[in-house]
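Asker: The structure that follows is given in the form of structure tokens.
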Amino acid sequence: MPAIIIFRRFPMPSISVYSTASFILLSLSILWAHTTILEACNLPTDKDVNVWTYPTQDPNASQPPTSSVTLSVNVFTLMLDEPVCLVLAVNATYCLLAIIVQIIQKLVFGKLRAIERQHMRDKFWNFVFYKFIFIFGVMNVQSLNEVIVWISWFTAIAFLLLLTKLCKDRFEFLSFSPNTPMYYHWKVLGLMGFIISCCLLLTVSCVTKSFMFQASSPSYSDIHSITFMLAECLIITVKSLHVIIRYCIHLYDIQHDELWERKATLVYHVDLSMELLSLSINFVHHLHMLFSGNIWLSMASLVICMQLRYIFSEIQKRLLRHKNYRRVVANMEAQFPEATKEEIEAQEDQCAICWEQMETARKLPCGHFFHSPCLRSWLEQDTTCPTCSIALSFSHENKPKNSHPAPNPAAGARNQAPGVVQHRNHFWHFDGSRFATWLPSFSVEVMRTTGLPANQQPSNSQLDTMVREVQDIFPQIPAQVIRNDLQLTGSVETTTDHILEGQVTIPTNPRLPTAPPVATPDDEHSTFQIQTPPSETGNRRFATQDAASTSASSAPPSSPTVVGGRFSKAPQEREQVLQTRRDELIRQARLKYLSNKKVDKPA
Amino acid sequence: MVGSALKRLMAEYKQLSLNPPEGIVAGPINEDNFFEWEALILGPEDTPFEGGVFRTTLNFPTDYPMSPPKMKFTSDMFHPNIYPDGRVCISILHSPGDDPMGYETSAERWSPVQSIEKILLSVMSMLAEPNPESGANVDASKMWRDDQEQFVKRAEKLVRKSLDL
Ligand SMILES: [Zn+2]
Ligand SMILES: [Zn+2]
């Protein structure tokens, strides 16, 4: 990478200097070509004149080209033949492109974020590297003209590709905030529309060109080139289409306040199909490259092979993930019934995962309710109840190994073997026996989920009865602990003895040792109110605050309602309130610290 | 699923603004990005960190709450469960599957029903009761075990520093 470092240290000329210089040079070269042509026309005996004149023109070239069109065509042809002029013209084209990019950036994106710049740079150098290999390794381009044609083609492709990536990044960033003005979204979406129309245009021109080749007698390499070009067009089209569809779904979602339950499924399937489509096109494209290369054992074919392997593993990963998804959905639908309206209403509950109201929900064996999409997302990475972390029974036969590319690859390992589940059951600590007595169906379900072979253990209902017997004697001990011990001993007497002898470890509440008592899982959504009674905390807070503000005259007395129990709809106000609360916390801590110091010192 | 993560973060922000727990102020650093938060945590009373106001940042993944946020102290800290670079080593910030520290299985893990408030309260209780078994900061663990007095002195310095005094 030293080349890049030097490149970065090298003072890059500003865009205005660069563009001015290139256009001055370009106009100089045009001027030169113009004068050359005029001189050539004035001296018709010059032997070169016929070369400069356009073929369609009259053969009597001695007539000076009066029409401005023919003149400019002549100038153009002359410049194409003169290498220096050609280079200057190409340079000017790039300059124009750079200006267009700058304008688009100013109009649509504003200042790029660091991460976006980083992505752009990475993507750009990657692109340059692979296309370099493609031009010289696969196409084996020899002549300068061909190189220029390919480079200009790839410039266009890179332009579209980078813009797509940038739009994608920006879309994600814009959706990070609820207060993004709508016109930002429309700007980016408009740009995406522009990109995709460019892509479609390129694709169509590729297709028509390939038909043209078919009509005439095609040379072998031409068909290859066209197919390569078509593949690249298609890949970008699919990518930009993906971004656009995602964007439309997002915009639709933010404009409709109510929960859109099928959104997750829709997004998943859009992602799946688009990713698989672009990956498979890419795969075929690379295969084509590999087989059309003239030299088999070259550096280029090695690089292509590596790339192929990478794409293949991506496809594999995606398919495995989809398999896992299908398994989760199937299991969920089979085992966790849709809750009835009455059940949901009886709960009067929010979904504990997304904190939104539940219209429809699925019921877990432990009696917890969640939205199906919320539950599904979680079950894709872990097969436990989110609230009480009880292991849920899932058929393990077809569980793909290491199929979790997403956040925690190891999560799936947890329940891969029934034995592991059993072992883990031993260590469950969920919130106490209250839970089981509230929901008697719970214990039956749990037993089914432990996956123990029935012949070694008492049957579910038997064990259930035994648990109840023991719990009648020791109501303070969680049912799960008793169950675990019973699974080992298999008899009520022995377990009772164990408990009396203190061999059974009763789990202490694992949740927050210093925090106030945690609510029962059924009240999970209201935990906050329970942990910090609003009125009480608020009052205490404000009392201290008022005292502090009267003692410290420098700070303006802030009204309690602003600092405490308010959540403004306006972003600026929210920010301000938050800042005030921050300052207040620090100020009070300082006051307290200083007064403590004063007390300490005399002592 | 950025959309649902955003809604959830918004709901948590609202919750934390309406019913703030004692000694915790948390919210997005910037309203333009709800996935980066700053939280101030007041050192719990009767602990070495009493009275300090410690700054932390929380970075949320786009699939929050399916994955836990990443939490980091930006104030200088010296604590057995906080890495020298500020990262917090606490079980609630890990998914059930990954087990880098070999926590006992009973320790509470990340699940989507956890929340920012619970994380911050856990961190508060971690400040109160360090767990010297996890070696996020070996020096701090050692000092906490062997030389409580010096640990308290060191913490006192950090408290002063956190208050800019
Ligand atoms: Zn939900
Ligand atoms: Zn549950």
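Going through the structure tokens in order, the chains are called A, B, and so on, while each chain numbers its residues from 1 and the ligands are numbered from 1 in the order shown.
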Please find the residues contacting ligand 1 at a distance of at most 7 Å between atoms, with only C-alpha atoms and all ligand atoms counted, and report them as a list in words.
Answerer: Cys351, Ala352, Ile353, Cys354, Trp355, Glu356, Phe370, His371, Pro373 and Cys374 of chain A
Asker: Identify, counting only C-alpha atoms and all ligand atoms, the protein, DNA and RNA residues located within 7 Å of ligand 2, and give them as a list in words.
Answerer: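 Final answer, ordered by chain and number: Leu364, Cys366, Gly367, His368, Cys385, Pro386, Thr387, Cys388, Ser389 and Ile390 of chain A.
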Asker: With only C-alpha atoms counted and 6 Å as the cut-off, give the residues of chain B in contact with chain A, each with its shortest interatomic distance in Å and the pair that gives it, as CSV.
Answerer:
residue,atom,partner,partner_atom,distance
B:Arg8,CA,A:Cys354,CA,5.6
B:Lys14,CA,A:Phe567,CA,5.9
B:Leu18,CA,A:Gly565,CA,4.1
B:Asn19,CA,A:Pro534,CA,5.3
B:Pro21,CA,A:Thr532,CA,6.0
B:Asp32,CA,A:Ser177,CA,5.2
B:Asn33,CA,A:Ser177,CA,5.1
B:Phe34,CA,A:Ser177,CA,5.4
B:Gly51,CA,A:Ala589,CA,5.7
B:Gly97,CA,A:Ala411,CA,3.6
B:Asp98,CA,A:Ala410,CA,5.7
B:Ser111,CA,A:Pro386,CA,5.3
B:Pro112,CA,A:Ile353,CA,5.2
B:Val113,CA,A:Ile353,CA,5.3
B:Ser122,CA,A:Leu512,CA,5.7
B:Ser125,CA,A:Thr514,CA,5.8
Asker: Any chance you can output those residues with N, CA and C atoms as a PDB file, in the first residue's frame?
Answerer:
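Saved to again.pdb:
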ATOM      1  N   ARG B   8     -38.083   1.078  18.356  1.00  0.00           N
ATOM      2  CA  ARG B   8     -37.811   0.596  19.698  1.00  0.00           C
ATOM      3  C   ARG B   8     -36.919   1.593  20.447  1.00  0.00           C
ATOM      4  N   LYS B  14     -38.034   7.624  25.042  1.00  0.00           N
ATOM      5  CA  LYS B  14     -39.191   8.233  25.676  1.00  0.00           C
ATOM      6  C   LYS B  14     -39.324   7.744  27.119  1.00  0.00           C
ATOM      7  N   LEU B  18     -39.153  10.035  30.395  1.00  0.00           N
ATOM      8  CA  LEU B  18     -40.321  10.236  31.252  1.00  0.00           C
ATOM      9  C   LEU B  18     -40.080   9.716  32.661  1.00  0.00           C
ATOM     10  N   ASN B  19     -39.492   8.548  32.770  1.00  0.00           N
ATOM     11  CA  ASN B  19     -39.237   7.977  34.095  1.00  0.00           C
ATOM     12  C   ASN B  19     -37.765   7.667  34.266  1.00  0.00           C
ATOM     13  N   PRO B  21     -34.400   6.645  35.717  1.00  0.00           N
ATOM     14  CA  PRO B  21     -33.935   6.064  36.971  1.00  0.00           C
ATOM     15  C   PRO B  21     -32.931   6.992  37.636  1.00  0.00           C
ATOM     16  N   ASP B  32     -29.796  13.251  14.774  1.00  0.00           N
ATOM     17  CA  ASP B  32     -29.694  12.731  13.413  1.00  0.00           C
ATOM     18  C   ASP B  32     -29.362  11.252  13.393  1.00  0.00           C
ATOM     19  N   ASN B  33     -28.936  10.721  14.509  1.00  0.00           N
ATOM     20  CA  ASN B  33     -28.554   9.322  14.531  1.00  0.00           C
ATOM     21  C   ASN B  33     -28.958   8.712  15.855  1.00  0.00           C
ATOM     22  N   PHE B  34     -30.031   7.932  15.796  1.00  0.00           N
ATOM     23  CA  PHE B  34     -30.535   7.349  17.026  1.00  0.00           C
ATOM     24  C   PHE B  34     -29.780   6.093  17.417  1.00  0.00           C
ATOM     25  N   GLY B  51     -20.482   9.334  43.698  1.00  0.00           N
ATOM     26  CA  GLY B  51     -20.512  10.743  43.352  1.00  0.00           C
ATOM     27  C   GLY B  51     -19.931  11.101  42.008  1.00  0.00           C
ATOM     28  N   GLY B  97     -25.199 -17.171  23.180  1.00  0.00           N
ATOM     29  CA  GLY B  97     -24.266 -18.091  22.552  1.00  0.00           C
ATOM     30  C   GLY B  97     -22.810 -17.786  22.827  1.00  0.00           C
ATOM     31  N   ASP B  98     -22.431 -16.533  22.754  1.00  0.00           N
ATOM     32  CA  ASP B  98     -20.989 -16.288  22.872  1.00  0.00           C
ATOM     33  C   ASP B  98     -20.594 -16.088  24.313  1.00  0.00           C
ATOM     34  N   SER B 111     -31.076 -10.512  25.704  1.00  0.00           N
ATOM     35  CA  SER B 111     -32.213 -11.023  24.953  1.00  0.00           C
ATOM     36  C   SER B 111     -33.022  -9.787  24.579  1.00  0.00           C
ATOM     37  N   PRO B 112     -33.877  -9.894  23.579  1.00  0.00           N
ATOM     38  CA  PRO B 112     -34.551  -8.673  23.119  1.00  0.00           C
ATOM     39  C   PRO B 112     -35.448  -8.004  24.158  1.00  0.00           C
ATOM     40  N   VAL B 113     -35.754  -8.691  25.245  1.00  0.00           N
ATOM     41  CA  VAL B 113     -36.578  -8.006  26.244  1.00  0.00           C
ATOM     42  C   VAL B 113     -35.723  -7.164  27.184  1.00  0.00           C
ATOM     43  N   SER B 122     -27.423  -2.421  35.307  1.00  0.00           N
ATOM     44  CA  SER B 122     -26.436  -3.476  35.534  1.00  0.00           C
ATOM     45  C   SER B 122     -25.046  -2.892  35.668  1.00  0.00           C
ATOM     46  N   SER B 125     -24.630  -1.386  38.995  1.00  0.00           N
ATOM     47  CA  SER B 125     -24.376  -2.362  40.052  1.00  0.00           C
ATOM     48  C   SER B 125     -23.008  -3.004  39.880  1.00  0.00           C
TER      49      SER B 125
END
Asker: Could you write out, as an NGL selection string, all the residues of segment 69-125 of chain B that DSSP marks as strand (DSSP E or B)?
Answerer: :B and (70-73 or 82 or 87-88)
Asker: Give me a file of those residues, with N, CA and C atoms, as an mmCIF file, in the first residue's frame.
Answerer:
data_model
loop_
_atom_site.group_PDB
_atom_site.id
_atom_site.type_symbol
_atom_site.label_atom_id
_atom_site.label_comp_id
_atom_site.auth_asym_id
_atom_site.auth_seq_id
_atom_site.Cartn_x
_atom_site.Cartn_y
_atom_site.Cartn_z
ATOM 1 N N LYS B 70 -23.046 -2.025 21.803
ATOM 2 C CA LYS B 70 -21.678 -2.036 22.323
ATOM 3 C C LYS B 70 -21.540 -0.845 23.254
ATOM 4 N N MET B 71 -20.977 -1.100 24.414
ATOM 5 C CA MET B 71 -20.909 -0.024 25.395
ATOM 6 C C MET B 71 -19.468 0.260 25.745
ATOM 7 N N LYS B 72 -19.182 1.544 25.927
ATOM 8 C CA LYS B 72 -17.807 1.946 26.184
ATOM 9 C C LYS B 72 -17.810 3.147 27.113
ATOM 10 N N PHE B 73 -16.931 3.128 28.110
ATOM 11 C CA PHE B 73 -16.768 4.308 28.955
ATOM 12 C C PHE B 73 -15.849 5.285 28.241
ATOM 13 N N ILE B 82 -13.854 -3.370 33.482
ATOM 14 C CA ILE B 82 -13.815 -2.437 32.358
ATOM 15 C C ILE B 82 -12.419 -2.501 31.752
ATOM 16 N N ARG B 87 -14.116 -0.431 27.130
ATOM 17 C CA ARG B 87 -15.181 -1.397 26.861
ATOM 18 C C ARG B 87 -15.626 -2.062 28.152
ATOM 19 N N VAL B 88 -16.891 -2.384 28.227
ATOM 20 C CA VAL B 88 -17.436 -2.934 29.456
ATOM 21 C C VAL B 88 -17.592 -4.438 29.300
#
Asker: Segment 135-142 of chain B: which residues within 12 Å, counting only C-alpha atoms, same-chain residues fewer than 5 positions away excluded, as a PyMOL selection string?
Answerer: chain B and resi 77-90+100-103+129-130+147-148+150-152+154-155
Asker: Compile the contact shell of segment 338-343 of chain A as a ChimeraX atom specification: residues with an atom at most 8 Å away, counting only C-alpha atoms, same-chain residues fewer than 4 positions apart removed.
Answerer: /A:347,359-363,369
Asker: Write a file of the just-selected residues containing N, CA, C and O atoms, as a compact mmCIF listing (two decimals), in the first residue's frame.
Answerer:
# COMPACT_ATOMS: atom_id res chain seq x y z
N GLN A 347 -54.06 -10.08 28.40
CA GLN A 347 -52.70 -9.65 28.74
C GLN A 347 -52.60 -8.13 28.79
O GLN A 347 -51.82 -7.58 29.54
N GLU A 359 -51.64 -6.82 18.10
CA GLU A 359 -52.96 -7.12 17.55
C GLU A 359 -53.07 -8.63 17.39
O GLU A 359 -54.05 -9.24 17.77
N THR A 360 -52.02 -9.18 16.81
CA THR A 360 -51.93 -10.62 16.72
C THR A 360 -50.64 -11.02 17.42
O THR A 360 -49.72 -10.21 17.52
N ALA A 361 -50.60 -12.23 17.89
CA ALA A 361 -49.40 -12.65 18.60
C ALA A 361 -49.31 -14.16 18.59
O ALA A 361 -50.28 -14.85 18.28
N ARG A 362 -48.12 -14.64 18.91
CA ARG A 362 -47.97 -16.08 19.09
C ARG A 362 -47.68 -16.35 20.55
O ARG A 362 -47.04 -15.55 21.23
N LYS A 363 -48.16 -17.48 20.99
CA LYS A 363 -48.04 -17.81 22.40
C LYS A 363 -46.98 -18.89 22.56
O LYS A 363 -47.03 -19.92 21.89
N PHE A 369 -46.15 -13.88 25.19
CA PHE A 369 -46.71 -13.54 23.89
C PHE A 369 -45.77 -12.60 23.15
O PHE A 369 -45.21 -11.67 23.75
Asker: Would you please work out which residue, of A:Ile196, A:Arg376, A:His224, A:Arg321, is nearest to Leu272 of chain A when using only C-alpha atoms?
Answerer: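 Counting only C-alpha atoms, the residue closest to Leu272 of chain A is A:Arg321.
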Asker: Skip Leu9 of chain B itself and residues of its chain fewer than 4 positions away, then list as a ChimeraX atom specification all residues within 12 Å of it, counting only C-alpha atoms.
Answerer: /A:176-178,353-356 /B:2-5,13-16,26-28,31,33-37,58-65,69,115-117
